[in-house]
Amino acid sequence: MSRILVIGCGGVAQVAIQKACQNDEVFTELMIASRTLSKCDELKDKIEKSGSRTKVTTAKVDADNTEELVKLIRSYQPEAVLNVALPYQDLTIMDACLETGVHYIDTANYEPEDTEDPTWRPIYEKRCKEKGFSAYFDYSWQWAYEERFKKAGLTALLGTGFDPGVTSVFAAYAKKHYFDTIDTIDILDCNGGDHGYAFATNFNPEINLREVSAPGSYMENGKWIEIPAMSIHREYDFEGVGKKDMYLLHHEEIEALGRNMPEVKRIRFFMTFGQSYLDHMRCLEDVGMLSTEPVNFNGTEIVPIQFLKELLPDPASLGPRTKGKTNIGCIFTGKKDGKERSIYIYNVCDHQECYREVGSQAISYTTGVPAMIGTMLVANGLWRKPGVFTTDEFDPDPYMEALNKWGLPWKVVENPTLVD
Ligand code: NDP
């Protein structure tokens with residue numbers, strides 16, 4: 001029995017909300033609040049036709065505005081807020097949760113919309129020097145809320161998507177059930193789906209392109225090692241997909257796992273990309289289309305990457321066109337009872353099956369389902385403790401069980417092929 005406020009109604013939100021409404025014993029009441037009210041109302045209609053018993057309401061909100069959020073939370077009185085808008089809104093929504101005394105859940109760590117913002121930029125530059133990685137997103141902004149959430153007796157659960165999210169739960173599960181010590185973690189994100197476009201992104205283009213065009217980095221012996229974008233390349237044979245080229249990227253769960261499992265000697269993240277995607281991205285970057293700095297065009301200020309987002313297919317529209325599977329998981333190496341051990345824990349998800357179930361492709365599905373599961377565990381009290389946490393900091397068992405139940409079954413394979 002819980003009343004939840006969901007902010008955002010894009011690709012990921014649409015899945016998280018539909019899965020919550022399938023799980024109507026837990027999610028008895030749910031409000032969808034986003035910038036474009038018509039999208040919220042359309043989804044409400046779809047859910048009502050599905051026969052779900054969840055009582056759904058909708059509202060318009062500007063999540064950049066804490067006062068507006070506070071007003072909405074006070075009037076709806078949810079137990080928790082699930083933020084599936086954009087990472088730009090993480091801090092305003094956390095502020096509103098603190099002010100109103102409700103739990104907070106999200107799927108991506110904070111980054112600013114304007115990376116030239118003079119109040120943010122010097123702090124970012126200092127962090128780059130101190131920590132050794134230059135991605136625009138990092139946990140420091142949200143970890144800084146730890147004392148305030150603790151004092152208020154509230155839980156903030158950060159990054160409960162697939163990666164981050166499930167991948168960190170896999171790490172906690174491996175540690176609990178398979179290893180005495182974990183030596184290395186390789187997170188592999190393979191999308192074998194084909195949408196038929198020469199170029200499109202599977203989730204918000206702005207966030208996706210910022211992530212992929214940034215320098216790569218990994219953690220070794222507690223230190224960040226940064227490399228030029230796309231400069232470490234491997235081929236891997238994925239079950240359900242086949243052989244794919246993958247590239248080392250910076251990714252947010254490396255930071256949290258590096259802090260929470262300091263005994264792990266090396267943590268890396270690889271994502272697969274096709275040649276067409278990489279060629280387009282390089283070209284767009286070379287001509288300045290990935291820039292976040294506003295430019296003046298015929299008297300109007302435009303941000304190139306936001307303009308590009310308008311030209312690209314809406315990720316939510318890729319569902320009917322995308323065929324193939326994803327395979328996302330983690331390879332762990334380490335020791336158990338004095339012996340070397342290695343395992344791969346992963347999920348294979350089929351784009352078209354996702355589309356048949358909820359009208360979305362597998363990238364939104366593999367993020368939306370864990371967003372629902374994290375929210376459920378906070379709502380039912382199984383994952384509730386005061387402070388700010390990532391998904392590796394709770395008992396992984398109920399989450400793993402819920403993945404099997406709610407559409408993302410996983411496997412454990414012993415002695416997988418390792419990534420050199
Ligand atoms: P979309 O762009 O599809 O959806 C974003 C939604 O947020 C839209 O409905 C948008 O409104 C709404 N929104 C944006 N700004 C505001 C605002 N100021 N006030 C209110 N609503 C707003 O993004 P995705 O669904 O692809 O991604 C959602 C989140 O999931 C992102 O944070 C992304 O980084 C994260 N993610 C996490 C993954 C993981 O595995 N952990 C993987 C993929 C994504 P409108 O409809 O008007 O545009």
# chains A, B, ... in the order shown; residues from 1 in each chain; ligands from 1
>>> residues_around(residues="Leu418 of chain A", least_positions_apart="6", cutoff="12 Å", atoms="only C-alpha atoms", output="MDAnalysis selection string")
chainID A and resid 184:188 234:238 330:333 341:344
>>> write_last_selection(atoms="C-alpha atoms", output="PDB file, in the first residue's frame")
ATOM      1  CA  THR A 184      38.035  -7.241 -10.583  1.00  0.00           C
ATOM      2  CA  ILE A 185      34.682  -6.134 -11.972  1.00  0.00           C
ATOM      3  CA  ASP A 186      34.029  -5.641 -15.697  1.00  0.00           C
ATOM      4  CA  ILE A 187      30.578  -4.222 -16.434  1.00  0.00           C
ATOM      5  CA  LEU A 188      29.456  -5.045 -19.980  1.00  0.00           C
ATOM      6  CA  ARG A 234      37.581  -5.097 -27.252  1.00  0.00           C
ATOM      7  CA  GLU A 235      35.436  -7.675 -29.009  1.00  0.00           C
ATOM      8  CA  TYR A 236      33.172  -9.915 -26.919  1.00  0.00           C
ATOM      9  CA  ASP A 237      30.813 -12.772 -27.776  1.00  0.00           C
ATOM     10  CA  PHE A 238      27.504 -12.114 -25.955  1.00  0.00           C
ATOM     11  CA  CYS A 330      29.109  -7.981 -14.789  1.00  0.00           C
ATOM     12  CA  ILE A 331      32.114 -10.297 -14.899  1.00  0.00           C
ATOM     13  CA  PHE A 332      33.602 -10.769 -11.445  1.00  0.00           C
ATOM     14  CA  THR A 333      36.933 -12.391 -10.644  1.00  0.00           C
ATOM     15  CA  ARG A 341      36.785 -17.974  -9.176  1.00  0.00           C
ATOM     16  CA  SER A 342      35.126 -16.026 -12.010  1.00  0.00           C
ATOM     17  CA  ILE A 343      31.441 -15.544 -12.859  1.00  0.00           C
ATOM     18  CA  TYR A 344      29.278 -13.530 -15.259  1.00  0.00           C
TER      19      TYR A 344
END
>>> residues_near_ligand(ligand="ligand 1", cutoff="7 Å", atoms="only C-alpha atoms and all ligand atoms", output="PyMOL selection string")
chain A and resi 7-13+34-36+39+61-64+84-87+89+107-108+159-165+203-204+207+315-316+363-364+367
>>> write_last_selection(atoms="N, CA and C atoms", output="mmCIF file, in the first residue's frame")
data_model
loop_
_atom_site.group_PDB
_atom_site.id
_atom_site.type_symbol
_atom_site.label_atom_id
_atom_site.label_comp_id
_atom_site.auth_asym_id
_atom_site.auth_seq_id
_atom_site.Cartn_x
_atom_site.Cartn_y
_atom_site.Cartn_z
ATOM 1 N N ILE A 7 8.138 11.747 -11.239
ATOM 2 C CA ILE A 7 8.401 12.970 -11.996
ATOM 3 C C ILE A 7 9.092 12.614 -13.304
ATOM 4 N N GLY A 8 8.515 13.069 -14.422
ATOM 5 C CA GLY A 8 8.994 12.737 -15.757
ATOM 6 C C GLY A 8 8.008 11.781 -16.407
ATOM 7 N N CYS A 9 7.874 11.909 -17.733
ATOM 8 C CA CYS A 9 6.985 10.984 -18.443
ATOM 9 C C CYS A 9 7.593 10.637 -19.803
ATOM 10 N N GLY A 10 8.930 10.419 -19.803
ATOM 11 C CA GLY A 10 9.626 10.064 -21.036
ATOM 12 C C GLY A 10 9.745 8.553 -21.172
ATOM 13 N N GLY A 11 10.785 8.121 -21.930
ATOM 14 C CA GLY A 11 10.956 6.698 -22.242
ATOM 15 C C GLY A 11 11.035 5.813 -21.003
ATOM 16 N N VAL A 12 11.901 6.169 -20.063
ATOM 17 C CA VAL A 12 12.099 5.344 -18.859
ATOM 18 C C VAL A 12 10.864 5.422 -17.952
ATOM 19 N N ALA A 13 10.354 6.630 -17.772
ATOM 20 C CA ALA A 13 9.190 6.822 -16.888
ATOM 21 C C ALA A 13 7.999 5.992 -17.356
ATOM 22 N N SER A 34 4.833 15.852 -14.886
ATOM 23 C CA SER A 34 5.937 16.160 -15.795
ATOM 24 C C SER A 34 5.713 17.513 -16.440
ATOM 25 N N ARG A 35 6.648 17.861 -17.334
ATOM 26 C CA ARG A 35 6.602 19.175 -17.975
ATOM 27 C C ARG A 35 5.442 19.246 -18.968
ATOM 28 N N THR A 36 5.216 18.138 -19.719
ATOM 29 C CA THR A 36 4.154 18.128 -20.728
ATOM 30 C C THR A 36 2.987 17.287 -20.216
ATOM 31 N N LYS A 39 1.295 14.201 -22.162
ATOM 32 C CA LYS A 39 1.943 12.880 -22.140
ATOM 33 C C LYS A 39 1.501 12.101 -20.900
ATOM 34 N N VAL A 61 4.324 19.894 -13.819
ATOM 35 C CA VAL A 61 5.277 20.483 -12.875
ATOM 36 C C VAL A 61 6.570 20.856 -13.599
ATOM 37 N N ASP A 62 7.174 21.941 -13.152
ATOM 38 C CA ASP A 62 8.516 22.272 -13.621
ATOM 39 C C ASP A 62 9.471 21.827 -12.520
ATOM 40 N N ALA A 63 10.168 20.730 -12.778
ATOM 41 C CA ALA A 63 11.014 20.136 -11.739
ATOM 42 C C ALA A 63 12.319 20.899 -11.520
ATOM 43 N N ASP A 64 12.555 21.950 -12.299
ATOM 44 C CA ASP A 64 13.699 22.822 -12.014
ATOM 45 C C ASP A 64 13.367 23.786 -10.891
ATOM 46 N N VAL A 84 12.323 10.331 -12.557
ATOM 47 C CA VAL A 84 12.761 9.797 -13.857
ATOM 48 C C VAL A 84 12.639 10.897 -14.908
ATOM 49 N N ALA A 85 12.882 12.143 -14.453
ATOM 50 C CA ALA A 85 13.045 13.266 -15.386
ATOM 51 C C ALA A 85 14.500 13.205 -15.845
ATOM 52 N N LEU A 86 15.246 14.266 -15.738
ATOM 53 C CA LEU A 86 16.634 14.237 -16.207
ATOM 54 C C LEU A 86 17.583 14.477 -15.027
ATOM 55 N N PRO A 87 18.860 14.110 -15.175
ATOM 56 C CA PRO A 87 19.801 14.305 -14.064
ATOM 57 C C PRO A 87 19.891 15.777 -13.640
ATOM 58 N N GLN A 89 17.653 17.679 -12.846
ATOM 59 C CA GLN A 89 16.665 17.998 -11.809
ATOM 60 C C GLN A 89 16.932 17.283 -10.468
ATOM 61 N N THR A 107 17.508 7.508 -11.087
ATOM 62 C CA THR A 107 18.202 6.516 -11.934
ATOM 63 C C THR A 107 19.525 7.042 -12.497
ATOM 64 N N ALA A 108 19.880 8.292 -12.219
ATOM 65 C CA ALA A 108 21.121 8.841 -12.799
ATOM 66 C C ALA A 108 21.633 9.965 -11.909
ATOM 67 N N GLY A 159 20.363 6.046 -8.426
ATOM 68 C CA GLY A 159 20.801 5.219 -9.555
ATOM 69 C C GLY A 159 20.201 3.830 -9.604
ATOM 70 N N THR A 160 18.883 3.711 -9.483
ATOM 71 C CA THR A 160 18.269 2.386 -9.615
ATOM 72 C C THR A 160 17.682 2.175 -11.015
ATOM 73 N N GLY A 161 18.605 2.230 -12.017
ATOM 74 C CA GLY A 161 18.265 1.819 -13.381
ATOM 75 C C GLY A 161 18.937 0.476 -13.617
ATOM 76 N N PHE A 162 19.367 0.185 -14.869
ATOM 77 C CA PHE A 162 20.129 -1.063 -15.039
ATOM 78 C C PHE A 162 21.598 -0.811 -14.778
ATOM 79 N N ASP A 163 22.147 0.206 -15.521
ATOM 80 C CA ASP A 163 23.543 0.518 -15.247
ATOM 81 C C ASP A 163 23.721 2.026 -15.239
ATOM 82 N N PRO A 164 23.761 2.652 -14.064
ATOM 83 C CA PRO A 164 23.859 2.023 -12.748
ATOM 84 C C PRO A 164 22.514 1.495 -12.263
ATOM 85 N N GLY A 165 22.606 0.651 -11.248
ATOM 86 C CA GLY A 165 21.421 0.111 -10.596
ATOM 87 C C GLY A 165 21.600 -1.374 -10.440
ATOM 88 N N PHE A 203 18.282 6.378 -25.378
ATOM 89 C CA PHE A 203 17.630 7.169 -24.341
ATOM 90 C C PHE A 203 17.977 8.621 -24.589
ATOM 91 N N ASN A 204 17.519 9.498 -23.736
ATOM 92 C CA ASN A 204 17.641 10.939 -23.983
ATOM 93 C C ASN A 204 18.948 11.288 -24.723
ATOM 94 N N ILE A 207 21.761 13.428 -22.904
ATOM 95 C CA ILE A 207 22.467 12.725 -21.825
ATOM 96 C C ILE A 207 23.353 11.630 -22.434
ATOM 97 N N PRO A 315 13.617 8.779 -28.606
ATOM 98 C CA PRO A 315 13.913 7.396 -28.187
ATOM 99 C C PRO A 315 12.633 6.591 -27.921
ATOM 100 N N ALA A 316 11.580 7.289 -27.436
ATOM 101 C CA ALA A 316 10.329 6.572 -27.146
ATOM 102 C C ALA A 316 9.674 6.031 -28.423
ATOM 103 N N ILE A 363 15.918 -0.650 -23.937
ATOM 104 C CA ILE A 363 16.754 0.233 -23.116
ATOM 105 C C ILE A 363 15.877 0.933 -22.065
ATOM 106 N N SER A 364 14.705 1.423 -22.520
ATOM 107 C CA SER A 364 13.786 2.022 -21.539
ATOM 108 C C SER A 364 13.287 0.948 -20.573
ATOM 109 N N THR A 367 15.752 -0.068 -17.861
ATOM 110 C CA THR A 367 15.926 0.993 -16.857
ATOM 111 C C THR A 367 14.649 1.168 -16.035
#
>>> atom_distance(atom1="atom CA of Met261 of chain A", atom2="atom CA of Ile182 of chain A")
8.7 Å
>>> select_by_dssp(residues="segment 69-189 of chain A", states="helix (DSSP H, G or I)", output="PDB file with C-alpha atoms, in the first residue's frame")
ATOM      1  CA  LEU A  69       7.736  20.773  -6.410  1.00  0.00           C
ATOM      2  CA  VAL A  70       7.199  21.450  -2.706  1.00  0.00           C
ATOM      3  CA  LYS A  71       3.681  22.671  -3.408  1.00  0.00           C
ATOM      4  CA  LEU A  72       2.871  19.587  -5.475  1.00  0.00           C
ATOM      5  CA  ILE A  73       4.335  17.167  -2.905  1.00  0.00           C
ATOM      6  CA  ARG A  74       2.427  18.889  -0.084  1.00  0.00           C
ATOM      7  CA  SER A  75      -0.838  18.637  -1.970  1.00  0.00           C
ATOM      8  CA  TYR A  76      -0.421  14.980  -3.055  1.00  0.00           C
ATOM      9  CA  PRO A  87      19.801  14.305 -14.064  1.00  0.00           C
ATOM     10  CA  TYR A  88      19.603  18.129 -14.214  1.00  0.00           C
ATOM     11  CA  GLN A  89      16.665  17.998 -11.809  1.00  0.00           C
ATOM     12  CA  ASP A  90      18.216  15.680  -9.162  1.00  0.00           C
ATOM     13  CA  LEU A  91      19.129  18.430  -6.696  1.00  0.00           C
ATOM     14  CA  THR A  92      15.923  20.474  -6.926  1.00  0.00           C
ATOM     15  CA  ILE A  93      13.888  17.294  -6.365  1.00  0.00           C
ATOM     16  CA  MET A  94      16.102  16.181  -3.441  1.00  0.00           C
ATOM     17  CA  ASP A  95      15.680  19.640  -1.892  1.00  0.00           C
ATOM     18  CA  ALA A  96      11.891  19.374  -2.237  1.00  0.00           C
ATOM     19  CA  CYS A  97      11.895  15.877  -0.691  1.00  0.00           C
ATOM     20  CA  LEU A  98      13.866  17.136   2.310  1.00  0.00           C
ATOM     21  CA  GLU A  99      11.565  20.092   2.760  1.00  0.00           C
ATOM     22  CA  THR A 100       8.435  17.917   2.684  1.00  0.00           C
ATOM     23  CA  ARG A 121      32.408  25.072 -13.267  1.00  0.00           C
ATOM     24  CA  PRO A 122      35.179  25.883 -10.716  1.00  0.00           C
ATOM     25  CA  ILE A 123      33.974  23.081  -8.395  1.00  0.00           C
ATOM     26  CA  TYR A 124      33.979  20.696 -11.345  1.00  0.00           C
ATOM     27  CA  GLU A 125      37.486  21.739 -12.399  1.00  0.00           C
ATOM     28  CA  LYS A 126      38.783  21.249  -8.850  1.00  0.00           C
ATOM     29  CA  ARG A 127      37.207  17.761  -8.784  1.00  0.00           C
ATOM     30  CA  CYS A 128      38.787  16.846 -12.140  1.00  0.00           C
ATOM     31  CA  LYS A 129      42.225  17.657 -10.712  1.00  0.00           C
ATOM     32  CA  GLU A 130      41.653  15.959  -7.353  1.00  0.00           C
ATOM     33  CA  LYS A 131      39.896  12.807  -8.523  1.00  0.00           C
ATOM     34  CA  SER A 140      29.733  14.374  -4.967  1.00  0.00           C
ATOM     35  CA  TRP A 141      26.703  16.662  -5.348  1.00  0.00           C
ATOM     36  CA  GLN A 142      24.232  14.077  -4.107  1.00  0.00           C
ATOM     37  CA  TRP A 143      26.505  12.460  -1.495  1.00  0.00           C
ATOM     38  CA  GLU A 146      23.968  12.489   3.313  1.00  0.00           C
ATOM     39  CA  GLU A 147      23.762  14.327   6.658  1.00  0.00           C
ATOM     40  CA  ARG A 148      20.523  16.108   5.768  1.00  0.00           C
ATOM     41  CA  PHE A 149      18.744  12.887   4.724  1.00  0.00           C
ATOM     42  CA  LYS A 150      20.114  11.083   7.796  1.00  0.00           C
ATOM     43  CA  LYS A 151      18.915  13.816  10.127  1.00  0.00           C
ATOM     44  CA  ALA A 152      15.477  13.850   8.497  1.00  0.00           C
ATOM     45  CA  VAL A 166      21.163  -3.586 -11.362  1.00  0.00           C
ATOM     46  CA  THR A 167      24.902  -3.806 -12.100  1.00  0.00           C
ATOM     47  CA  SER A 168      25.675  -2.632  -8.539  1.00  0.00           C
ATOM     48  CA  VAL A 169      23.091  -5.069  -7.127  1.00  0.00           C
ATOM     49  CA  PHE A 170      24.897  -7.815  -9.090  1.00  0.00           C
ATOM     50  CA  ALA A 171      28.122  -6.704  -7.357  1.00  0.00           C
ATOM     51  CA  ALA A 172      26.512  -6.899  -3.901  1.00  0.00           C
ATOM     52  CA  TYR A 173      25.018 -10.305  -4.797  1.00  0.00           C
ATOM     53  CA  ALA A 174      28.381 -11.657  -6.033  1.00  0.00           C
ATOM     54  CA  LYS A 175      30.034 -10.460  -2.831  1.00  0.00           C
ATOM     55  CA  LYS A 176      27.331 -12.008  -0.638  1.00  0.00           C
ATOM     56  CA  HIS A 177      26.996 -15.402  -2.337  1.00  0.00           C
TER      57      HIS A 177
END
>>> atom_distance(atom1="atom CA of Ala214 of chain A", atom2="atom CA of Phe269 of chain A")
13.5 Å
>>> residues_around(residues="Gly359 of chain A", least_positions_apart="4", cutoff="10 Å", atoms="only C-alpha atoms", output="ChimeraX atom specification")
/A:11,14-15,18,316-320,351-355,364-365
>>> write_last_selection(atoms="C-alpha atoms", output="PDB file, in the first residue's frame")
ATOM      1  CA  GLY A  11      10.956   6.698 -22.242  1.00  0.00           C
ATOM      2  CA  GLN A  14       6.610   5.222 -19.200  1.00  0.00           C
ATOM      3  CA  VAL A  15       8.001   1.764 -18.385  1.00  0.00           C
ATOM      4  CA  GLN A  18       3.361   0.830 -16.289  1.00  0.00           C
ATOM      5  CA  ALA A 316      10.329   6.572 -27.146  1.00  0.00           C
ATOM      6  CA  SER A 317       9.471   6.136 -30.852  1.00  0.00           C
ATOM      7  CA  LEU A 318      12.128   3.442 -31.466  1.00  0.00           C
ATOM      8  CA  GLY A 319      10.057   0.698 -29.834  1.00  0.00           C
ATOM      9  CA  PRO A 320       8.137  -0.597 -32.859  1.00  0.00           C
ATOM     10  CA  HIS A 351      13.459  -5.455 -27.701  1.00  0.00           C
ATOM     11  CA  GLN A 352      10.306  -6.756 -29.351  1.00  0.00           C
ATOM     12  CA  GLU A 353       9.044  -8.612 -26.283  1.00  0.00           C
ATOM     13  CA  CYS A 354       9.395  -5.340 -24.332  1.00  0.00           C
ATOM     14  CA  TYR A 355       7.481  -3.533 -27.032  1.00  0.00           C
ATOM     15  CA  SER A 364      13.786   2.022 -21.539  1.00  0.00           C
ATOM     16  CA  TYR A 365      12.520  -1.340 -20.257  1.00  0.00           C
TER      17      TYR A 365
END
>>> residues_around(residues="segment 193-202 of chain A", least_positions_apart="3", cutoff="8 Å", atoms="only C-alpha atoms", output="list in words")
Pro205, Asn208, Leu209, Ser276, Tyr277, His280, Leu312, Pro313, Pro315, Leu318, Arg321, Thr322, Lys323, Gly324, Lys325, Thr326, His351, Ile363 and Ser364 of chain A
>>> closest_residue(among="A:Glu252, A:Glu25, A:Glu414, A:Asp245", to="Leu278 of chain A", atoms="only C-alpha atoms")
A:Asp245
>>> closest_residue(among="A:Leu158, A:Gly242, A:Pro294, A:Thr57", to="Pro370 of chain A", atoms="only C-alpha atoms")
A:Leu158
>>> select_by_dssp(residues="segment 77-126 of chain A", states="strand (DSSP E or B)", output="VMD selection string")
chain A and resid 80 to 83 103 to 106
>>> atom_distance(atom1="atom CA of Glu255 of chain A", atom2="atom CA of Pro215 of chain A")
15.0 Å
>>> closest_atom_pairs(of="segment 269-374 of chain A", to="segment 109-118 of chain A", cutoff="12 Å", atoms="only C-alpha atoms", output="CSV")
residue,atom,partner,partner_atom,distance
A:Ser291,CA,A:Thr115,CA,9.6
A:Thr292,CA,A:Asp114,CA,6.4
A:Glu293,CA,A:Glu116,CA,6.9
A:Pro294,CA,A:Asp114,CA,8.8
A:Val303,CA,A:Asp114,CA,9.3
A:Pro304,CA,A:Asp114,CA,11.9
A:Ile305,CA,A:Glu113,CA,10.9
A:Gln306,CA,A:Glu113,CA,10.2
>>> write_last_selection(atoms="N, CA and C atoms", output="short mmCIF file (atom, residue, chain, number, x, y, z; two decimals), in the first residue's frame")
data_model
loop_
_atom_site.label_atom_id
_atom_site.label_comp_id
_atom_site.auth_asym_id
_atom_site.auth_seq_id
_atom_site.Cartn_x
_atom_site.Cartn_y
_atom_site.Cartn_z
N SER A 291 28.06 20.47 -28.49
CA SER A 291 28.39 21.49 -27.50
C SER A 291 27.17 21.85 -26.65
N THR A 292 27.43 22.13 -25.36
CA THR A 292 26.36 22.55 -24.45
C THR A 292 26.38 24.06 -24.26
N GLU A 293 27.30 24.72 -24.97
CA GLU A 293 27.43 26.17 -24.82
C GLU A 293 26.46 26.87 -25.79
N PRO A 294 25.60 27.78 -25.28
CA PRO A 294 24.64 28.43 -26.18
C PRO A 294 25.35 29.24 -27.27
N VAL A 303 21.24 26.02 -27.85
CA VAL A 303 22.29 25.13 -27.38
C VAL A 303 22.40 24.01 -28.41
N PRO A 304 23.59 23.88 -29.08
CA PRO A 304 23.68 22.93 -30.20
C PRO A 304 23.15 21.53 -29.87
N ILE A 305 23.53 20.96 -28.71
CA ILE A 305 23.13 19.58 -28.43
C ILE A 305 21.61 19.48 -28.21
N GLN A 306 21.00 20.58 -27.73
CA GLN A 306 19.53 20.56 -27.55
C GLN A 306 18.82 20.67 -28.89
#
>>> residues_around(residues="Glu239 of chain A", least_positions_apart="6", cutoff="12 Å", atoms="only C-alpha atoms", output="list of chain:residue names")
A:Cys190, A:Asn191, A:Gly192, A:Gly324, A:Lys325, A:Thr326, A:Asn327, A:Ile328, A:Gly329, A:Tyr344, A:Ile345, A:Tyr346, A:Asn347, A:Val348, A:Cys349, A:Lys411, A:Val413, A:Pro416, A:Thr417
>>> residues_around(residues="Val6 of chain A", least_positions_apart="5", cutoff="6 Å", atoms="only C-alpha atoms", output="ChimeraX atom specification")
/A:32,81-82
